[in-house]
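Note: the block below is structure23.txt and it holds compact mmCIF, N, CA and C atoms.
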```txt
# COMPACT_ATOMS: atom_id res chain seq x y z
N MET A 1 -124.22 -129.91 -106.55
CA MET A 1 -123.73 -129.00 -105.54
C MET A 1 -123.44 -127.63 -106.14
N ALA A 2 -122.80 -127.61 -107.31
CA ALA A 2 -122.47 -126.36 -107.97
C ALA A 2 -123.74 -125.60 -108.34
N LYS A 3 -124.80 -126.35 -108.68
CA LYS A 3 -126.08 -125.72 -109.04
C LYS A 3 -126.65 -124.96 -107.84
N TYR A 4 -126.61 -125.56 -106.66
CA TYR A 4 -127.13 -124.91 -105.45
C TYR A 4 -126.28 -123.71 -105.06
N LEU A 5 -124.98 -123.84 -105.21
CA LEU A 5 -124.08 -122.73 -104.90
C LEU A 5 -124.35 -121.55 -105.84
N PHE A 6 -124.56 -121.84 -107.12
CA PHE A 6 -124.88 -120.80 -108.09
C PHE A 6 -126.19 -120.10 -107.74
N LEU A 7 -127.22 -120.86 -107.38
CA LEU A 7 -128.51 -120.29 -107.00
C LEU A 7 -128.38 -119.42 -105.74
N LEU A 8 -127.63 -119.90 -104.77
CA LEU A 8 -127.42 -119.14 -103.54
C LEU A 8 -126.68 -117.83 -103.82
N LEU A 9 -125.65 -117.88 -104.64
CA LEU A 9 -124.89 -116.70 -105.00
C LEU A 9 -125.75 -115.71 -105.78
N THR A 10 -126.55 -116.20 -106.71
CA THR A 10 -127.44 -115.34 -107.49
C THR A 10 -128.46 -114.66 -106.58
N PHE A 11 -129.06 -115.41 -105.67
CA PHE A 11 -130.04 -114.85 -104.75
C PHE A 11 -129.41 -113.79 -103.86
N THR A 12 -128.21 -114.05 -103.40
CA THR A 12 -127.50 -113.10 -102.54
C THR A 12 -127.20 -111.81 -103.28
N LEU A 13 -126.74 -111.90 -104.53
CA LEU A 13 -126.46 -110.70 -105.31
C LEU A 13 -127.72 -109.89 -105.57
N ILE A 14 -128.80 -110.56 -105.87
CA ILE A 14 -130.06 -109.86 -106.12
C ILE A 14 -130.54 -109.17 -104.84
N SER A 15 -130.43 -109.83 -103.73
CA SER A 15 -130.86 -109.25 -102.46
C SER A 15 -130.02 -108.06 -102.06
N CYS A 16 -128.72 -108.12 -102.29
CA CYS A 16 -127.84 -107.02 -101.92
C CYS A 16 -128.00 -105.83 -102.85
N ASN A 17 -128.42 -106.06 -104.06
CA ASN A 17 -128.54 -105.00 -105.05
C ASN A 17 -129.87 -104.26 -104.95
N ASN A 18 -130.78 -104.66 -104.09
CA ASN A 18 -132.09 -104.03 -103.96
C ASN A 18 -131.94 -102.72 -103.21
N LYS A 19 -132.01 -101.58 -103.95
CA LYS A 19 -131.83 -100.26 -103.34
C LYS A 19 -133.16 -99.62 -102.98
N SER A 20 -134.25 -100.23 -103.32
CA SER A 20 -135.56 -99.65 -103.08
C SER A 20 -136.06 -100.00 -101.69
N THR A 21 -135.46 -99.34 -100.69
CA THR A 21 -135.85 -99.60 -99.32
C THR A 21 -136.32 -98.31 -98.68
N GLN A 22 -136.87 -98.41 -97.49
CA GLN A 22 -137.33 -97.24 -96.77
C GLN A 22 -136.25 -96.84 -95.78
N ASN A 23 -136.58 -95.98 -94.86
CA ASN A 23 -135.69 -95.52 -93.80
C ASN A 23 -134.52 -94.68 -94.33
N GLY A 24 -134.74 -93.86 -95.37
CA GLY A 24 -133.74 -92.93 -95.83
C GLY A 24 -132.65 -93.50 -96.71
N VAL A 25 -132.71 -94.75 -97.08
CA VAL A 25 -131.71 -95.33 -97.96
C VAL A 25 -132.03 -94.90 -99.39
N ILE A 26 -131.02 -94.81 -100.25
CA ILE A 26 -131.21 -94.37 -101.63
C ILE A 26 -132.31 -95.20 -102.29
N LYS A 27 -133.21 -94.50 -102.93
CA LYS A 27 -134.36 -95.14 -103.57
C LYS A 27 -134.23 -94.95 -105.08
N THR A 28 -134.19 -96.03 -105.85
CA THR A 28 -133.99 -95.92 -107.28
C THR A 28 -135.30 -95.83 -108.06
N GLU A 29 -136.37 -96.34 -107.54
CA GLU A 29 -137.64 -96.30 -108.24
C GLU A 29 -138.35 -95.00 -107.93
N LYS A 30 -138.85 -94.34 -108.98
CA LYS A 30 -139.56 -93.09 -108.79
C LYS A 30 -141.04 -93.37 -108.56
N SER A 31 -141.63 -92.57 -107.70
CA SER A 31 -143.06 -92.69 -107.46
C SER A 31 -143.81 -92.04 -108.61
N GLU A 32 -145.10 -92.26 -108.64
CA GLU A 32 -145.94 -91.68 -109.68
C GLU A 32 -145.91 -90.15 -109.62
N ILE A 33 -145.88 -89.61 -108.42
CA ILE A 33 -145.83 -88.16 -108.25
C ILE A 33 -144.50 -87.60 -108.77
N GLU A 34 -143.39 -88.26 -108.47
CA GLU A 34 -142.09 -87.79 -108.95
C GLU A 34 -142.02 -87.84 -110.47
N THR A 35 -142.62 -88.85 -111.07
CA THR A 35 -142.66 -88.95 -112.52
C THR A 35 -143.50 -87.82 -113.11
N LEU A 36 -144.60 -87.49 -112.45
CA LEU A 36 -145.45 -86.38 -112.88
C LEU A 36 -144.70 -85.05 -112.79
N ILE A 37 -143.96 -84.85 -111.70
CA ILE A 37 -143.17 -83.64 -111.53
C ILE A 37 -142.11 -83.52 -112.63
N ASP A 38 -141.41 -84.62 -112.91
CA ASP A 38 -140.39 -84.61 -113.96
C ASP A 38 -140.99 -84.25 -115.31
N SER A 39 -142.15 -84.79 -115.60
CA SER A 39 -142.82 -84.53 -116.88
C SER A 39 -143.21 -83.06 -117.00
N ALA A 40 -143.80 -82.51 -115.95
CA ALA A 40 -144.20 -81.10 -115.97
C ALA A 40 -142.99 -80.18 -116.09
N ALA A 41 -141.93 -80.50 -115.37
CA ALA A 41 -140.73 -79.67 -115.41
C ALA A 41 -140.08 -79.71 -116.79
N ALA A 42 -140.06 -80.86 -117.42
CA ALA A 42 -139.46 -80.98 -118.75
C ALA A 42 -140.21 -80.09 -119.74
N LYS A 43 -141.53 -80.05 -119.64
CA LYS A 43 -142.32 -79.19 -120.53
C LYS A 43 -142.01 -77.72 -120.27
N MET A 44 -141.86 -77.35 -119.01
CA MET A 44 -141.58 -75.95 -118.67
C MET A 44 -140.18 -75.53 -119.13
N ILE A 45 -139.20 -76.36 -118.90
CA ILE A 45 -137.81 -76.03 -119.22
C ILE A 45 -137.62 -75.94 -120.74
N ASN A 46 -138.39 -76.69 -121.52
CA ASN A 46 -138.29 -76.62 -122.98
C ASN A 46 -138.81 -75.30 -123.53
N ASP A 47 -139.56 -74.54 -122.75
CA ASP A 47 -140.02 -73.21 -123.14
C ASP A 47 -138.82 -72.26 -123.09
N SER A 48 -138.63 -71.48 -124.15
CA SER A 48 -137.44 -70.62 -124.22
C SER A 48 -137.46 -69.49 -123.20
N LEU A 49 -138.62 -69.18 -122.61
CA LEU A 49 -138.70 -68.10 -121.63
C LEU A 49 -138.38 -68.54 -120.21
N ILE A 50 -138.28 -69.84 -119.99
CA ILE A 50 -138.08 -70.36 -118.64
C ILE A 50 -136.70 -71.03 -118.55
N ASN A 51 -135.86 -70.52 -117.65
CA ASN A 51 -134.53 -71.10 -117.45
C ASN A 51 -134.53 -72.20 -116.40
N SER A 52 -135.31 -71.98 -115.34
CA SER A 52 -135.31 -72.94 -114.24
C SER A 52 -136.68 -73.01 -113.60
N THR A 53 -136.89 -74.09 -112.87
CA THR A 53 -138.13 -74.24 -112.13
C THR A 53 -137.87 -75.12 -110.91
N SER A 54 -138.65 -74.88 -109.89
CA SER A 54 -138.64 -75.72 -108.70
C SER A 54 -140.09 -76.09 -108.42
N ILE A 55 -140.32 -77.36 -108.23
CA ILE A 55 -141.68 -77.84 -108.01
C ILE A 55 -141.72 -78.59 -106.69
N GLY A 56 -142.67 -78.23 -105.86
CA GLY A 56 -142.85 -78.90 -104.58
C GLY A 56 -144.30 -79.31 -104.40
N ILE A 57 -144.49 -80.52 -103.97
CA ILE A 57 -145.83 -81.05 -103.72
C ILE A 57 -145.82 -81.73 -102.35
N TYR A 58 -146.82 -81.42 -101.57
CA TYR A 58 -147.02 -82.11 -100.28
C TYR A 58 -148.27 -82.95 -100.45
N PHE A 59 -148.10 -84.27 -100.38
CA PHE A 59 -149.21 -85.18 -100.60
C PHE A 59 -149.09 -86.38 -99.68
N ASP A 60 -150.15 -86.67 -99.01
CA ASP A 60 -150.24 -87.87 -98.18
C ASP A 60 -149.12 -87.93 -97.13
N GLY A 61 -148.80 -86.76 -96.56
CA GLY A 61 -147.80 -86.72 -95.51
C GLY A 61 -146.36 -86.74 -95.98
N LYS A 62 -146.11 -86.63 -97.29
CA LYS A 62 -144.74 -86.67 -97.82
C LYS A 62 -144.49 -85.43 -98.67
N GLU A 63 -143.26 -84.95 -98.64
CA GLU A 63 -142.84 -83.83 -99.47
C GLU A 63 -142.12 -84.36 -100.70
N TYR A 64 -142.46 -83.80 -101.84
CA TYR A 64 -141.78 -84.11 -103.09
C TYR A 64 -141.28 -82.78 -103.65
N ILE A 65 -139.97 -82.58 -103.63
CA ILE A 65 -139.37 -81.32 -104.07
C ILE A 65 -138.30 -81.63 -105.10
N SER A 66 -138.36 -80.94 -106.24
CA SER A 66 -137.37 -81.13 -107.29
C SER A 66 -137.03 -79.79 -107.92
N HIS A 67 -135.79 -79.65 -108.37
CA HIS A 67 -135.31 -78.43 -108.99
C HIS A 67 -134.73 -78.78 -110.36
N TYR A 68 -134.97 -77.90 -111.35
CA TYR A 68 -134.54 -78.19 -112.72
C TYR A 68 -133.98 -76.94 -113.37
N GLY A 69 -133.08 -77.12 -114.32
CA GLY A 69 -132.56 -76.03 -115.13
C GLY A 69 -131.44 -75.25 -114.47
N GLU A 70 -131.21 -74.05 -115.01
CA GLU A 70 -130.20 -73.13 -114.51
C GLU A 70 -130.85 -71.78 -114.24
N LEU A 71 -130.42 -71.09 -113.20
CA LEU A 71 -130.97 -69.78 -112.90
C LEU A 71 -130.61 -68.77 -114.00
N GLU A 72 -129.41 -68.89 -114.54
CA GLU A 72 -128.98 -68.08 -115.68
C GLU A 72 -128.40 -69.03 -116.72
N LYS A 73 -128.77 -68.84 -117.96
CA LYS A 73 -128.32 -69.75 -119.02
C LYS A 73 -126.80 -69.78 -119.13
N ARG A 74 -126.27 -70.97 -119.28
CA ARG A 74 -124.85 -71.26 -119.50
C ARG A 74 -123.94 -70.79 -118.36
N VAL A 75 -124.49 -70.61 -117.17
CA VAL A 75 -123.68 -70.22 -116.02
C VAL A 75 -123.46 -71.42 -115.11
N GLY A 76 -124.43 -72.34 -115.09
CA GLY A 76 -124.29 -73.55 -114.28
C GLY A 76 -124.80 -73.41 -112.86
N ASN A 77 -125.46 -72.30 -112.55
CA ASN A 77 -126.00 -72.14 -111.20
C ASN A 77 -127.41 -72.74 -111.15
N THR A 78 -127.53 -73.84 -110.50
CA THR A 78 -128.80 -74.56 -110.46
C THR A 78 -129.64 -74.12 -109.26
N PRO A 79 -130.96 -74.23 -109.37
CA PRO A 79 -131.82 -73.86 -108.25
C PRO A 79 -131.70 -74.84 -107.10
N SER A 80 -132.06 -74.37 -105.90
CA SER A 80 -132.02 -75.21 -104.71
C SER A 80 -133.21 -74.86 -103.83
N ASN A 81 -133.25 -75.43 -102.64
CA ASN A 81 -134.32 -75.11 -101.70
C ASN A 81 -134.26 -73.66 -101.22
N LYS A 82 -133.14 -73.00 -101.40
CA LYS A 82 -132.97 -71.61 -100.96
C LYS A 82 -133.25 -70.60 -102.07
N THR A 83 -133.53 -71.05 -103.28
CA THR A 83 -133.78 -70.16 -104.41
C THR A 83 -135.09 -69.41 -104.21
N ILE A 84 -135.05 -68.10 -104.49
CA ILE A 84 -136.25 -67.26 -104.43
C ILE A 84 -136.59 -66.85 -105.85
N TYR A 85 -137.81 -67.17 -106.27
CA TYR A 85 -138.28 -66.85 -107.61
C TYR A 85 -139.16 -65.62 -107.58
N GLU A 86 -139.08 -64.81 -108.64
CA GLU A 86 -140.00 -63.70 -108.81
C GLU A 86 -141.27 -64.25 -109.46
N ILE A 87 -142.40 -63.86 -108.92
CA ILE A 87 -143.67 -64.31 -109.48
C ILE A 87 -144.34 -63.09 -110.10
N GLY A 88 -144.60 -63.17 -111.37
CA GLY A 88 -145.23 -62.06 -112.08
C GLY A 88 -144.20 -61.23 -112.81
N PHE A 89 -144.68 -60.20 -113.47
CA PHE A 89 -143.80 -59.34 -114.27
C PHE A 89 -143.79 -57.95 -113.76
```
How does the structure come out when it is put into structure tokens?
Amino acid sequence: MAKYLFLLLTFTLISCNNKSTQNGVIKTEKSEIETLIDSAAAKMINDSLINSTSIGIYFDGKEYISHYGELEKRVGNTPSNKTIYEIGF
């Protein structure tokens, strides 16, 4: 009896801990595109000339938007969807 109770409890905990659902619930697993964005952003931010970057991709009917770094070094102001970047010099 204790064996079945343990199995039931374990199954319940695993089921409740599954955060990878649809319908706007927090998603813990990153998609391949999000991983690609993170990788590209990490390379850009490691460049001493770049303080921040925002990357947006629209693919297969979904938006993937991420912001990285600081707008000014050591100030703590991070980019957002409202950030306007200068393009060019």
Query raised in the report: Skipping near chain neighbours, those fewer than 4 positions away, what residues fall within 8 Å of range 54-67 of chain A using only N, CA and C atoms, listed as a VMD selection string?
Result: chain A and resid 33 to 34 37 to 38 41 78 to 81
DSSP strand (DSSP E or B) residues within range 26-89 of chain A, as a PDB file with N, CA and C atoms, in the frame of the given file:
```pdb
ATOM      1  N   SER A  52    -135.310 -71.980-115.340  1.00  0.00           N
ATOM      2  CA  SER A  52    -135.310 -72.940-114.240  1.00  0.00           C
ATOM      3  C   SER A  52    -136.680 -73.010-113.600  1.00  0.00           C
ATOM      4  N   THR A  53    -136.890 -74.090-112.870  1.00  0.00           N
ATOM      5  CA  THR A  53    -138.130 -74.240-112.130  1.00  0.00           C
ATOM      6  C   THR A  53    -137.870 -75.120-110.910  1.00  0.00           C
ATOM      7  N   SER A  54    -138.650 -74.880-109.890  1.00  0.00           N
ATOM      8  CA  SER A  54    -138.640 -75.720-108.700  1.00  0.00           C
ATOM      9  C   SER A  54    -140.090 -76.090-108.420  1.00  0.00           C
ATOM     10  N   ILE A  55    -140.320 -77.360-108.230  1.00  0.00           N
ATOM     11  CA  ILE A  55    -141.680 -77.840-108.010  1.00  0.00           C
ATOM     12  C   ILE A  55    -141.720 -78.590-106.690  1.00  0.00           C
ATOM     13  N   GLY A  56    -142.670 -78.230-105.860  1.00  0.00           N
ATOM     14  CA  GLY A  56    -142.850 -78.900-104.580  1.00  0.00           C
ATOM     15  C   GLY A  56    -144.300 -79.310-104.400  1.00  0.00           C
ATOM     16  N   ILE A  57    -144.490 -80.520-103.970  1.00  0.00           N
ATOM     17  CA  ILE A  57    -145.830 -81.050-103.720  1.00  0.00           C
ATOM     18  C   ILE A  57    -145.820 -81.730-102.350  1.00  0.00           C
ATOM     19  N   TYR A  58    -146.820 -81.420-101.570  1.00  0.00           N
ATOM     20  CA  TYR A  58    -147.020 -82.110-100.280  1.00  0.00           C
ATOM     21  C   TYR A  58    -148.270 -82.950-100.450  1.00  0.00           C
ATOM     22  N   PHE A  59    -148.100 -84.270-100.380  1.00  0.00           N
ATOM     23  CA  PHE A  59    -149.210 -85.180-100.600  1.00  0.00           C
ATOM     24  C   PHE A  59    -149.090 -86.380 -99.680  1.00  0.00           C
ATOM     25  N   LYS A  62    -146.110 -86.630 -97.290  1.00  0.00           N
ATOM     26  CA  LYS A  62    -144.740 -86.670 -97.820  1.00  0.00           C
ATOM     27  C   LYS A  62    -144.490 -85.430 -98.670  1.00  0.00           C
ATOM     28  N   GLU A  63    -143.260 -84.950 -98.640  1.00  0.00           N
ATOM     29  CA  GLU A  63    -142.840 -83.830 -99.470  1.00  0.00           C
ATOM     30  C   GLU A  63    -142.120 -84.360-100.700  1.00  0.00           C
ATOM     31  N   TYR A  64    -142.460 -83.800-101.840  1.00  0.00           N
ATOM     32  CA  TYR A  64    -141.780 -84.110-103.090  1.00  0.00           C
ATOM     33  C   TYR A  64    -141.280 -82.780-103.650  1.00  0.00           C
ATOM     34  N   ILE A  65    -139.970 -82.580-103.630  1.00  0.00           N
ATOM     35  CA  ILE A  65    -139.370 -81.320-104.070  1.00  0.00           C
ATOM     36  C   ILE A  65    -138.300 -81.630-105.100  1.00  0.00           C
ATOM     37  N   SER A  66    -138.360 -80.940-106.240  1.00  0.00           N
ATOM     38  CA  SER A  66    -137.370 -81.130-107.290  1.00  0.00           C
ATOM     39  C   SER A  66    -137.030 -79.790-107.920  1.00  0.00           C
ATOM     40  N   HIS A  67    -135.790 -79.650-108.370  1.00  0.00           N
ATOM     41  CA  HIS A  67    -135.310 -78.430-108.990  1.00  0.00           C
ATOM     42  C   HIS A  67    -134.730 -78.780-110.360  1.00  0.00           C
ATOM     43  N   TYR A  68    -134.970 -77.900-111.350  1.00  0.00           N
ATOM     44  CA  TYR A  68    -134.540 -78.190-112.720  1.00  0.00           C
ATOM     45  C   TYR A  68    -133.980 -76.940-113.370  1.00  0.00           C
ATOM     46  N   GLY A  69    -133.080 -77.120-114.320  1.00  0.00           N
ATOM     47  CA  GLY A  69    -132.560 -76.030-115.130  1.00  0.00           C
ATOM     48  C   GLY A  69    -131.440 -75.250-114.470  1.00  0.00           C
TER      49      GLY A  69
END
```
Requested in this report: For CA of Leu36 in chain A and CA of Arg74 in chain A, determine how far apart the two atoms are, in Å to one decimal place.
Outcome: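 CA of Arg74 in chain A lies 26.4 Å from CA of Leu36 in chain A.
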Report task. Output as number ranges by chain all residues of range 36-68 of chain A that backbone DSSP marks as alpha helix (DSSP H). Result -> A: 36-45
Report task. Tell me, in Å to one decimal, how far CA of Ser52 in chain A is from atom N of Gly69 in chain A. Result -> 4.7 Å
**Report entry** Closest of A:Lys30, A:Asn51, A:Met44, A:Lys82 to Glu70 in chain A - atom-to-atom distances counting only C-alpha atoms
**Finding:**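 Between A:Lys30, A:Asn51, A:Met44, A:Lys82, the residue approaching Glu70 in chain A most closely is A:Asn51.
Across the structure, CA of Gly76 in chain A and CA of Thr53 in chain A are spaced 14.0 Å apart.
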